[in-house]
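The structure file upload_18.cif is reproduced below (mmCIF, C-alpha atoms).
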data_entry
#
loop_
_atom_site.label_atom_id
_atom_site.label_comp_id
_atom_site.auth_asym_id
_atom_site.auth_seq_id
_atom_site.Cartn_x
_atom_site.Cartn_y
_atom_site.Cartn_z
CA MET A 26 0.00 0.00 0.00
CA ALA A 27 2.85 2.37 0.86
CA VAL A 28 4.36 1.91 -2.60
CA VAL A 29 1.01 2.59 -4.29
CA ARG A 30 0.57 5.72 -2.17
CA ARG A 31 4.08 6.89 -3.08
CA ILE A 32 3.45 6.30 -6.80
CA LEU A 33 0.15 8.23 -6.67
CA GLY A 34 1.77 11.10 -4.78
CA ALA A 35 4.67 11.27 -7.21
CA LEU A 36 2.30 11.26 -10.20
CA GLN A 37 0.27 14.08 -8.65
CA ASN A 38 3.41 16.13 -7.95
CA SER A 39 4.63 15.42 -11.45
CA ALA A 40 1.31 16.63 -12.93
CA LEU A 41 1.42 19.86 -10.89
CA GLY A 42 5.08 20.44 -11.66
CA SER A 43 4.70 19.75 -15.36
CA ARG A 44 1.83 22.28 -15.55
CA ARG A 45 4.17 24.94 -14.14
CA ARG A 46 6.92 23.98 -16.60
CA MET A 47 4.60 24.05 -19.63
CA SER A 48 4.69 26.87 -22.15
CA PRO A 49 1.47 28.95 -22.51
CA GLU A 50 0.73 27.10 -25.79
CA GLN A 51 1.07 23.72 -24.08
CA ARG A 52 -1.08 24.89 -21.15
CA GLY A 53 -3.76 25.96 -23.63
CA VAL A 54 -3.69 22.57 -25.34
CA ALA A 55 -3.80 20.80 -21.94
CA LEU A 56 -6.88 22.83 -20.98
CA LEU A 57 -8.53 22.01 -24.29
CA LEU A 58 -7.76 18.29 -24.05
CA ALA A 59 -9.10 18.18 -20.49
CA HIS A 60 -12.47 19.44 -21.75
CA LEU A 61 -12.96 17.30 -24.84
CA THR A 62 -14.86 14.03 -24.87
CA PRO A 63 -12.63 10.94 -25.29
CA GLN A 64 -13.84 10.64 -28.88
CA GLN A 65 -13.02 14.29 -29.67
CA ARG A 66 -9.62 13.92 -27.98
CA ARG A 67 -8.74 10.87 -30.08
CA GLN A 68 -9.90 12.62 -33.24
CA TYR A 69 -7.92 15.78 -32.41
CA ARG A 70 -4.67 13.93 -31.67
CA ARG A 71 -5.01 11.82 -34.80
CA ASP A 72 -6.42 14.25 -37.38
CA ARG A 73 -5.67 17.77 -36.02
CA HIS A 74 -9.39 18.50 -35.79
CA PHE A 75 -12.44 17.49 -33.78
CA GLU A 76 -16.18 17.70 -34.33
CA VAL A 77 -18.71 19.65 -32.30
CA ILE A 78 -22.51 19.67 -32.50
CA GLY A 79 -24.12 23.10 -32.49
CA GLY A 80 -26.22 23.48 -29.34
CA GLN A 81 -29.14 25.23 -31.06
CA SER A 82 -29.24 23.91 -34.64
CA GLY A 83 -27.68 20.45 -34.18
CA THR A 84 -25.31 21.27 -37.08
CA ARG A 85 -21.96 19.49 -37.17
CA TYR A 86 -18.85 21.65 -37.11
CA ARG A 87 -15.25 20.58 -37.56
CA LEU A 88 -12.75 22.64 -35.59
CA TRP A 89 -9.21 22.58 -37.00
CA HIS A 90 -5.96 23.27 -35.13
CA CYS A 91 -5.44 26.64 -36.76
CA PHE A 92 -5.94 30.32 -35.88
CA GLN A 93 -7.86 31.49 -38.95
CA GLN A 94 -10.89 30.22 -40.85
CA ASN A 95 -10.75 27.01 -38.87
CA ILE A 96 -14.43 26.15 -38.37
CA GLU A 97 -15.91 23.97 -41.11
CA GLU A 98 -19.68 23.61 -41.20
CA LEU A 99 -20.55 20.12 -42.40
CA ASP A 100 -23.66 18.67 -44.02
CA ALA A 101 -25.22 15.31 -43.15
CA GLU A 102 -22.71 13.49 -45.41
CA GLY A 103 -19.73 15.23 -43.80
CA ARG A 104 -19.10 17.54 -46.80
CA ARG A 105 -18.13 21.15 -46.26
CA ARG A 106 -20.98 23.67 -46.45
CA GLY A 107 -18.79 26.64 -45.62
CA LEU A 108 -16.23 28.05 -43.24
CA TRP A 109 -16.73 30.25 -40.21
CA CYS A 110 -14.24 32.38 -38.38
CA PHE A 111 -14.68 33.90 -34.94
CA HIS A 112 -12.33 34.07 -31.99
CA PRO A 113 -11.89 35.83 -28.64
CA ARG A 114 -11.11 39.53 -28.86
CA GLU A 115 -8.09 39.12 -26.56
CA THR A 116 -4.92 37.48 -27.84
CA LEU A 117 -5.06 33.89 -26.63
CA VAL A 118 -3.09 30.73 -27.27
CA LEU A 119 -4.56 28.33 -29.81
CA GLY A 120 -5.79 25.72 -27.30
CA ASP A 121 -7.83 28.42 -25.57
CA VAL A 122 -9.20 29.71 -28.88
CA LEU A 123 -10.39 26.21 -29.81
CA LEU A 124 -12.00 25.68 -26.39
CA ALA A 125 -13.71 29.08 -26.63
CA GLN A 126 -15.03 28.19 -30.11
CA LYS A 127 -16.23 24.76 -28.93
CA THR A 128 -17.99 26.24 -25.89
CA ALA A 129 -19.53 29.03 -27.97
CA LEU A 130 -20.92 26.62 -30.59
CA GLU A 131 -22.34 24.35 -27.92
CA LEU A 132 -23.78 27.00 -25.63
CA PHE A 133 -24.52 30.15 -27.67
CA GLU A 134 -24.25 29.06 -31.29
CA GLY A 135 -26.61 31.67 -32.75
CA GLU A 136 -24.82 34.59 -31.17
CA ALA A 137 -21.39 33.25 -32.16
CA LEU A 138 -22.40 32.78 -35.81
CA ARG A 139 -24.00 36.24 -35.96
CA ILE A 140 -20.62 37.86 -35.28
CA ALA A 141 -18.59 35.30 -37.28
CA HIS A 142 -17.32 35.86 -40.82
CA ARG A 143 -18.17 33.27 -43.45
CA TYR A 144 -15.80 31.96 -46.14
CA LEU A 145 -16.04 29.38 -48.88
CA ASN A 146 -12.49 28.01 -48.90
CA PHE A 147 -9.44 27.85 -46.68
CA GLY A 148 -6.86 30.60 -47.14
CA ALA A 149 -3.85 29.58 -49.25
CA ASN A 150 -1.18 30.09 -46.59
CA ALA A 151 -3.14 30.37 -43.37
CA GLY A 152 -5.54 27.41 -43.46
CA PRO A 153 -5.34 24.24 -41.39
CA THR A 154 -3.43 22.42 -44.11
CA SER A 155 -0.70 25.07 -44.14
CA ARG A 156 2.79 24.21 -42.94
CA ILE A 157 2.54 26.71 -40.07
CA ALA A 158 -0.54 24.99 -38.66
CA ARG A 159 0.98 21.52 -39.03
CA ASP A 160 4.28 22.52 -37.39
CA ASP A 161 2.43 24.19 -34.53
CA PHE A 162 0.40 21.04 -33.95
CA GLU A 163 3.54 18.86 -33.88
CA ARG A 164 5.21 21.24 -31.44
CA THR A 165 2.36 21.82 -29.00
CA VAL A 166 0.17 18.70 -29.11
CA ARG A 167 2.16 15.65 -30.20
CA ARG A 168 5.44 16.47 -28.49
CA SER A 169 3.90 17.72 -25.27
CA TRP A 170 1.92 14.49 -25.01
CA LEU A 171 5.06 12.38 -25.45
CA ARG A 172 6.97 14.53 -22.95
CA ARG A 173 4.23 14.16 -20.36
CA PHE A 174 4.21 10.40 -20.89
CA GLY A 175 8.00 10.30 -20.43
CA ARG A 176 7.81 12.40 -17.27
CA THR A 177 5.08 10.17 -15.84
CA LEU A 178 7.20 7.07 -16.48
CA ARG A 179 10.25 8.65 -14.84
CA SER A 180 8.41 9.91 -11.76
CA GLY A 181 6.58 6.59 -11.32
CA TYR A 182 9.91 4.75 -11.48
CA ARG A 183 11.53 7.15 -9.00
CA ALA A 184 8.65 6.63 -6.58
CA ILE A 185 9.29 2.88 -6.60
CA SER A 186 13.05 3.17 -6.37
CA PRO A 187 14.21 6.70 -5.43
CA GLN A 188 17.95 5.83 -5.40
CA ALA A 189 18.09 4.15 -8.80
CA ASP A 190 19.04 5.90 -12.03
CA PHE A 191 16.03 5.84 -14.37
CA TYR A 192 18.08 6.21 -17.57
CA ARG A 193 20.46 3.41 -16.56
CA ALA A 194 17.50 1.13 -15.80
CA ALA A 195 15.92 2.09 -19.15
CA ARG A 196 19.17 1.26 -21.00
CA VAL A 197 19.44 -2.12 -19.24
CA PHE A 198 15.78 -2.84 -20.05
CA ILE A 199 16.29 -2.01 -23.75
CA ALA A 200 19.49 -4.12 -23.90
CA VAL A 201 17.75 -7.10 -22.27
CA ALA A 202 14.71 -6.73 -24.57
CA ALA A 203 16.96 -6.57 -27.67
CA PHE A 204 19.00 -9.57 -26.51
CA SER A 205 15.90 -11.68 -25.79
CA TYR A 206 14.47 -10.72 -29.20
CA LEU A 207 17.69 -11.83 -30.95
CA LEU A 208 17.82 -15.02 -28.87
CA THR A 209 14.22 -15.88 -29.79
CA ARG A 210 15.02 -15.37 -33.48
CA VAL A 211 18.18 -17.57 -33.22
CA VAL A 212 16.38 -20.34 -31.31
CA HIS A 213 13.56 -20.40 -33.88
CA GLY A 214 16.12 -20.35 -36.69
CA THR A 215 14.78 -17.23 -38.38
CA THR A 216 17.10 -15.33 -40.68
CA LEU A 217 18.07 -12.10 -38.99
CA PHE A 218 19.79 -10.25 -41.80
CA HIS A 219 19.24 -10.65 -45.54
CA MET B 18 -21.83 11.02 -33.07
CA SER B 19 -23.01 11.49 -29.55
CA PHE B 20 -21.23 14.60 -28.36
CA MET B 21 -24.44 16.05 -26.97
CA GLN B 22 -24.89 15.76 -23.25
CA SER B 23 -28.29 15.55 -21.69
CA PRO B 24 -29.21 18.03 -18.93
CA GLU B 25 -29.34 15.06 -16.51
CA THR B 26 -25.65 14.30 -17.16
CA PHE B 27 -24.76 17.89 -16.34
CA GLU B 28 -26.80 17.74 -13.13
CA LYS B 29 -25.08 14.49 -12.19
CA SER B 30 -21.65 16.04 -12.70
CA ARG B 31 -22.69 18.92 -10.44
CA LYS B 32 -23.85 16.57 -7.71
CA ARG B 33 -20.67 14.48 -8.07
CA ALA B 34 -18.71 17.49 -6.84
CA ALA B 35 -18.57 16.15 -3.31
CA SER B 36 -15.36 18.07 -2.79
CA THR B 37 -15.69 21.61 -1.48
CA LYS B 38 -12.98 22.89 -3.83
CA ARG B 39 -14.06 25.04 -6.77
CA VAL B 40 -12.01 26.61 -9.52
CA GLN B 41 -12.48 29.60 -11.78
CA ILE B 42 -10.46 29.36 -15.01
CA ILE B 43 -9.80 32.60 -16.84
CA MET B 44 -8.44 32.36 -20.37
CA ASN B 45 -5.55 34.71 -21.11
CA ARG B 46 -2.41 34.95 -23.24
CA PHE B 47 -0.45 32.87 -20.70
CA GLY B 48 -2.79 29.94 -21.27
CA ASP B 49 -5.06 30.42 -18.29
CA THR B 50 -5.15 31.67 -14.72
CA ARG B 51 -6.84 29.54 -12.10
CA HIS B 52 -8.42 30.80 -8.91
CA GLU B 53 -9.28 28.04 -6.48
CA PHE B 54 -11.58 28.55 -3.53
CA ASP B 55 -13.32 26.51 -0.88
CA VAL B 56 -17.10 26.77 -0.56
CA THR B 57 -16.81 26.45 3.22
CA ASP B 58 -14.76 29.66 3.33
CA ALA B 59 -17.26 32.54 3.19
CA GLN B 60 -14.61 35.16 2.45
CA ALA B 61 -13.22 33.15 -0.48
CA VAL B 62 -16.73 32.64 -1.86
CA ALA B 63 -17.40 36.39 -1.66
CA LEU B 64 -14.13 37.07 -3.49
CA ALA B 65 -15.02 34.51 -6.17
CA GLU B 66 -18.46 36.09 -6.59
CA GLU B 67 -16.90 39.53 -6.93
CA ARG B 68 -14.44 38.19 -9.53
CA PHE B 69 -17.36 36.61 -11.41
CA ARG B 70 -19.24 39.92 -11.43
CA GLN B 71 -16.21 41.90 -12.59
CA LEU B 72 -15.34 39.51 -15.40
CA THR B 73 -18.87 39.09 -16.76
CA GLY B 74 -19.30 42.87 -16.45
CA SER B 75 -16.25 43.40 -18.67
CA GLY B 76 -17.54 41.14 -21.44
CA PHE B 77 -16.39 37.66 -20.42
CA ARG B 78 -18.86 34.78 -20.81
CA ALA B 79 -18.98 32.34 -17.90
CA ALA B 80 -19.61 28.67 -18.59
CA ALA B 81 -19.90 25.78 -16.16
CA LEU B 82 -17.72 22.98 -17.50
CA SER B 83 -19.25 19.53 -17.40
CA GLY B 84 -16.08 17.58 -16.55
CA ASP B 85 -16.57 14.86 -19.18
CA GLY B 86 -16.05 17.08 -22.23
CA GLY B 87 -19.74 17.42 -22.99
CA PRO B 88 -21.51 20.77 -23.32
CA GLY B 89 -21.62 22.62 -20.03
CA GLN B 90 -24.01 25.39 -19.15
CA LEU B 91 -23.91 29.13 -19.63
CA LEU B 92 -23.93 30.97 -16.32
CA GLY B 93 -25.78 34.26 -15.95
CA LYS B 94 -25.00 34.61 -12.26
CA PHE B 95 -22.50 33.21 -9.79
CA ASP B 96 -23.20 29.64 -8.65
CA GLN B 97 -20.95 28.27 -5.91
CA ASP B 98 -22.05 24.69 -6.63
CA VAL B 99 -20.33 24.68 -10.01
CA GLU B 100 -17.03 22.83 -9.75
CA GLN B 101 -15.26 24.48 -12.71
CA THR B 102 -16.22 27.83 -14.22
CA LEU B 103 -14.58 28.87 -17.46
CA PHE B 104 -14.38 32.56 -18.41
CA ILE B 105 -14.21 33.23 -22.15
CA PRO B 106 -13.28 36.71 -23.42
CA GLN B 107 -15.69 38.51 -25.74
CA LEU B 108 -15.78 37.06 -29.26
CA GLN B 109 -15.35 38.79 -32.59
CA GLY B 110 -15.49 37.78 -36.25
CA GLY B 111 -12.14 36.88 -37.83
#
Rewrite the structure from the file as structure tokens, please.
Amino acid sequence: MAVVRRILGALQNSALGSRRRMSPEQRGVALLLAHLTPQQRRQYRRDRHFEVIGGQSGTRYRLWHCFQQNIEELDAEGRRRGLWCFHPRETLVLGDVLLAQKTALELFEGEALRIAHRYLNFGANAGPTSRIARDDFERTVRRSWLRRFGRTLRSGYRAISPQADFYRAARVFIAVAAFSYLLTRVVHGTTLFH
Amino acid sequence: MSFMQSPETFEKSRKRAASTKRVQIIMNRFGDTRHEFDVTDAQAVALAEERFRQLTGSGFRAAALSGDGGPGQLLGKFDQDVEQTLFIPQLQGG
């Protein structure tokens, strides 16, 4: 029980500490991810967008990881009907902008669309398929998720064995795993190298 | 596609807040600022209510977050039973 308690405590400390160490962009993404449904979260991590149902009309919207013209209105078949663009008046990080757009569409859709601008197509250099948007996603969403996972592993390991060197243990684990893989291949007589 | 949350689910998430801790999340350019308070502390509740009034008075929209990612609820006035309140700055067309 003591070990379990120590692991839970370390994970909690790690979560609080990592929030302080995060950049504003990563904090924004963390806030967004914490308030998406599991399905939306999966979709966002995989495709750089997630879908939201308008609270008043029931219309489906696709919100892209991008600052401008990032709200696609979809028809029943999932085809684009048009694009909408609205965002908070204050300068916010992208995660916050997406959460504000999601909340607005779900809770006060009519008002949000009244002030929004409508477009037919994504902008050439500023749309969600642009390099800037893709690079930003890689930097703030994918990498931060991997870093958090790494930190959780390290702090969990340190809680079990505070004196041990995590990186040394990881190297030994990888060496043993590689050796056992090779051994299995040799025992079964599989050709290793062509 | 079942992103919609029924009003019952929202009520359940409110009742689930057995803890007395509440948080107000204000979006800003640093990501967000969080103000935590305890509902058993009358002074902290009064401060939170004052903050709510100031922010909504300056154009922020307050929304009660549901906790499971579903739609929350728009708040017109301060409610100390809401576990997480999100403050969204005024919106504009882009």
Explicit residue set for the PyMOL selection byres ((chain B) within 7 of (chain A)), as a list of chain:residue names: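 This file, filtered by the PyMOL selection byres ((chain B) within 7 of (chain A)), leaves B:Phe20, B:Met21, B:Met44, B:Asn45, B:Arg46, B:Phe47, B:Gly48, B:Gly84, B:Asp85, B:Gly86, B:Gly87, B:Pro88, B:Gln90, B:Leu91, B:Ile105, B:Pro106, B:Gln107, B:Leu108, B:Gln109, B:Gly110, B:Gly111.
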Go ahead and save the picked residues with C-alpha atoms, as a PDB file, keeping the file's coordinate frame.
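After the write, again-v7.pdb holds the following:
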ATOM      1  CA  PHE B  20     -21.230  14.600 -28.360  1.00  0.00           C
ATOM      2  CA  MET B  21     -24.440  16.050 -26.970  1.00  0.00           C
ATOM      3  CA  MET B  44      -8.440  32.360 -20.370  1.00  0.00           C
ATOM      4  CA  ASN B  45      -5.550  34.710 -21.110  1.00  0.00           C
ATOM      5  CA  ARG B  46      -2.410  34.950 -23.240  1.00  0.00           C
ATOM      6  CA  PHE B  47      -0.450  32.870 -20.700  1.00  0.00           C
ATOM      7  CA  GLY B  48      -2.790  29.940 -21.270  1.00  0.00           C
ATOM      8  CA  GLY B  84     -16.080  17.580 -16.550  1.00  0.00           C
ATOM      9  CA  ASP B  85     -16.570  14.860 -19.180  1.00  0.00           C
ATOM     10  CA  GLY B  86     -16.050  17.080 -22.230  1.00  0.00           C
ATOM     11  CA  GLY B  87     -19.740  17.420 -22.990  1.00  0.00           C
ATOM     12  CA  PRO B  88     -21.510  20.770 -23.320  1.00  0.00           C
ATOM     13  CA  GLN B  90     -24.010  25.390 -19.150  1.00  0.00           C
ATOM     14  CA  LEU B  91     -23.910  29.130 -19.630  1.00  0.00           C
ATOM     15  CA  ILE B 105     -14.210  33.230 -22.150  1.00  0.00           C
ATOM     16  CA  PRO B 106     -13.280  36.710 -23.420  1.00  0.00           C
ATOM     17  CA  GLN B 107     -15.690  38.510 -25.740  1.00  0.00           C
ATOM     18  CA  LEU B 108     -15.780  37.060 -29.260  1.00  0.00           C
ATOM     19  CA  GLN B 109     -15.350  38.790 -32.590  1.00  0.00           C
ATOM     20  CA  GLY B 110     -15.490  37.780 -36.250  1.00  0.00           C
ATOM     21  CA  GLY B 111     -12.140  36.880 -37.830  1.00  0.00           C
TER      22      GLY B 111
END
Using only C-alpha atoms, which protein or nucleic acid residues come within 9 Å of Glu66 (chain B)? Drop anything in the same chain fewer than 2 positions from it, and give the result as JSON, numbers by chain. {"B": [61, 62, 63, 64, 68, 69, 70, 71, 94, 95, 96, 97]}
Give me, as a PDB file with C-alpha atoms, in the coordinates of the input, all polymer residues having an atom no more than 9 Å from Ile42 (chain B), counting all atoms listed in the file and skipping those fewer than 2 positions away in the same chain.
ATOM      1  CA  VAL B  40     -12.010  26.610  -9.520  1.00  0.00           C
ATOM      2  CA  MET B  44      -8.440  32.360 -20.370  1.00  0.00           C
ATOM      3  CA  ASP B  49      -5.060  30.420 -18.290  1.00  0.00           C
ATOM      4  CA  THR B  50      -5.150  31.670 -14.720  1.00  0.00           C
ATOM      5  CA  ARG B  51      -6.840  29.540 -12.100  1.00  0.00           C
ATOM      6  CA  HIS B  52      -8.420  30.800  -8.910  1.00  0.00           C
ATOM      7  CA  GLU B  53      -9.280  28.040  -6.480  1.00  0.00           C
ATOM      8  CA  GLN B 101     -15.260  24.480 -12.710  1.00  0.00           C
ATOM      9  CA  THR B 102     -16.220  27.830 -14.220  1.00  0.00           C
ATOM     10  CA  LEU B 103     -14.580  28.870 -17.460  1.00  0.00           C
ATOM     11  CA  PHE B 104     -14.380  32.560 -18.410  1.00  0.00           C
ATOM     12  CA  ILE B 105     -14.210  33.230 -22.150  1.00  0.00           C
TER      13      ILE B 105
END
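Interatomic distance, CA of Arg87 (chain A) to CA of Phe174 (chain A): 27.6 Å.
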Separation of CA of Leu178 (chain A) from CA of Phe75 (chain A), in Å and rounded to one decimal: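 So the answer is 28.2 Å.
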Just so the selection is clear, what residues does the PyMOL selection byres ((chain A and resi 148-155) around 10) cover here, as number ranges by chain? A: 73-74, 88-96, 144-147, 156-160, 162
Just the selected residues (C-alpha atoms), exported as an mmCIF file, keeping the file's coordinate frame, please.
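The result, written out as selection.cif:
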data_model
loop_
_atom_site.group_PDB
_atom_site.id
_atom_site.type_symbol
_atom_site.label_atom_id
_atom_site.label_comp_id
_atom_site.auth_asym_id
_atom_site.auth_seq_id
_atom_site.Cartn_x
_atom_site.Cartn_y
_atom_site.Cartn_z
ATOM 1 C CA ARG A 73 -5.670 17.770 -36.020
ATOM 2 C CA HIS A 74 -9.390 18.500 -35.790
ATOM 3 C CA LEU A 88 -12.750 22.640 -35.590
ATOM 4 C CA TRP A 89 -9.210 22.580 -37.000
ATOM 5 C CA HIS A 90 -5.960 23.270 -35.130
ATOM 6 C CA CYS A 91 -5.440 26.640 -36.760
ATOM 7 C CA PHE A 92 -5.940 30.320 -35.880
ATOM 8 C CA GLN A 93 -7.860 31.490 -38.950
ATOM 9 C CA GLN A 94 -10.890 30.220 -40.850
ATOM 10 C CA ASN A 95 -10.750 27.010 -38.870
ATOM 11 C CA ILE A 96 -14.430 26.150 -38.370
ATOM 12 C CA TYR A 144 -15.800 31.960 -46.140
ATOM 13 C CA LEU A 145 -16.040 29.380 -48.880
ATOM 14 C CA ASN A 146 -12.490 28.010 -48.900
ATOM 15 C CA PHE A 147 -9.440 27.850 -46.680
ATOM 16 C CA ARG A 156 2.790 24.210 -42.940
ATOM 17 C CA ILE A 157 2.540 26.710 -40.070
ATOM 18 C CA ALA A 158 -0.540 24.990 -38.660
ATOM 19 C CA ARG A 159 0.980 21.520 -39.030
ATOM 20 C CA ASP A 160 4.280 22.520 -37.390
ATOM 21 C CA PHE A 162 0.400 21.040 -33.950
#
Considering all atoms listed in the file, return as an MDAnalysis selection string whatever protein or nucleic-acid residues lie within 9 Å of Thr37 (chain B), sequence-local ones (same chain, fewer than 4 positions apart) excluded. chainID B and resid 54:57 98 100
For the selection you just gave me, I'd like the residues written to a file as a tab-separated table (two decimals), in the frame of the given file, keeping C-alpha atoms.
chain	number	residue	atom	x	y	z
B	54	PHE	CA	-11.58	28.55	-3.53
B	55	ASP	CA	-13.32	26.51	-0.88
B	56	VAL	CA	-17.10	26.77	-0.56
B	57	THR	CA	-16.81	26.45	3.22
B	98	ASP	CA	-22.05	24.69	-6.63
B	100	GLU	CA	-17.03	22.83	-9.75
Calculate how many Å separate CA of Ala59 (chain B) from CA of Lys38 (chain B), rounding to one decimal.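 Going from CA of Ala59 (chain B) over to CA of Lys38 (chain B), I get 12.7 Å.
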Give the answer as one residue: which of A:Leu123, A:Gly103, A:Arg164, A:Gln81 has the shortest atom-to-atom distance to Tyr69 (chain A), using all atoms listed in the file?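 Among the listed residues, A:Leu123 lies closest to Tyr69 (chain A).
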Mind writing region 50-61 of chain B to a file for me, with N, CA and C atoms, as a PDB file, in the first residue's frame?
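Final output, saved to selection.pdb:
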ATOM      1  N   THR B  50      -5.427  31.420 -16.132  1.00  0.00           N
ATOM      2  CA  THR B  50      -5.147  31.674 -14.724  1.00  0.00           C
ATOM      3  C   THR B  50      -6.247  31.003 -13.931  1.00  0.00           C
ATOM      4  N   ARG B  51      -5.856  30.272 -12.901  1.00  0.00           N
ATOM      5  CA  ARG B  51      -6.843  29.542 -12.097  1.00  0.00           C
ATOM      6  C   ARG B  51      -6.958  30.129 -10.705  1.00  0.00           C
ATOM      7  N   HIS B  52      -8.178  30.323 -10.271  1.00  0.00           N
ATOM      8  CA  HIS B  52      -8.420  30.795  -8.908  1.00  0.00           C
ATOM      9  C   HIS B  52      -9.221  29.718  -8.192  1.00  0.00           C
ATOM     10  N   GLU B  53      -8.586  29.092  -7.218  1.00  0.00           N
ATOM     11  CA  GLU B  53      -9.276  28.038  -6.477  1.00  0.00           C
ATOM     12  C   GLU B  53      -9.856  28.618  -5.194  1.00  0.00           C
ATOM     13  N   PHE B  54     -11.006  28.122  -4.811  1.00  0.00           N
ATOM     14  CA  PHE B  54     -11.575  28.547  -3.533  1.00  0.00           C
ATOM     15  C   PHE B  54     -12.376  27.405  -2.919  1.00  0.00           C
ATOM     16  N   ASP B  55     -12.601  27.536  -1.629  1.00  0.00           N
ATOM     17  CA  ASP B  55     -13.319  26.508  -0.884  1.00  0.00           C
ATOM     18  C   ASP B  55     -14.705  27.057  -0.539  1.00  0.00           C
ATOM     19  N   VAL B  56     -15.737  26.258  -0.814  1.00  0.00           N
ATOM     20  CA  VAL B  56     -17.097  26.767  -0.556  1.00  0.00           C
ATOM     21  C   VAL B  56     -17.400  26.930   0.930  1.00  0.00           C
ATOM     22  N   THR B  57     -16.572  26.313   1.767  1.00  0.00           N
ATOM     23  CA  THR B  57     -16.812  26.453   3.216  1.00  0.00           C
ATOM     24  C   THR B  57     -16.207  27.754   3.760  1.00  0.00           C
ATOM     25  N   ASP B  58     -15.393  28.404   2.925  1.00  0.00           N
ATOM     26  CA  ASP B  58     -14.758  29.662   3.330  1.00  0.00           C
ATOM     27  C   ASP B  58     -15.579  30.838   2.765  1.00  0.00           C
ATOM     28  N   ALA B  59     -16.332  31.492   3.638  1.00  0.00           N
ATOM     29  CA  ALA B  59     -17.265  32.540   3.189  1.00  0.00           C
ATOM     30  C   ALA B  59     -16.541  33.701   2.511  1.00  0.00           C
ATOM     31  N   GLN B  60     -15.365  34.028   3.021  1.00  0.00           N
ATOM     32  CA  GLN B  60     -14.606  35.156   2.446  1.00  0.00           C
ATOM     33  C   GLN B  60     -14.138  34.819   1.017  1.00  0.00           C
ATOM     34  N   ALA B  61     -13.683  33.581   0.845  1.00  0.00           N
ATOM     35  CA  ALA B  61     -13.216  33.151  -0.482  1.00  0.00           C
ATOM     36  C   ALA B  61     -14.375  33.116  -1.478  1.00  0.00           C
TER      37      ALA B  61
END
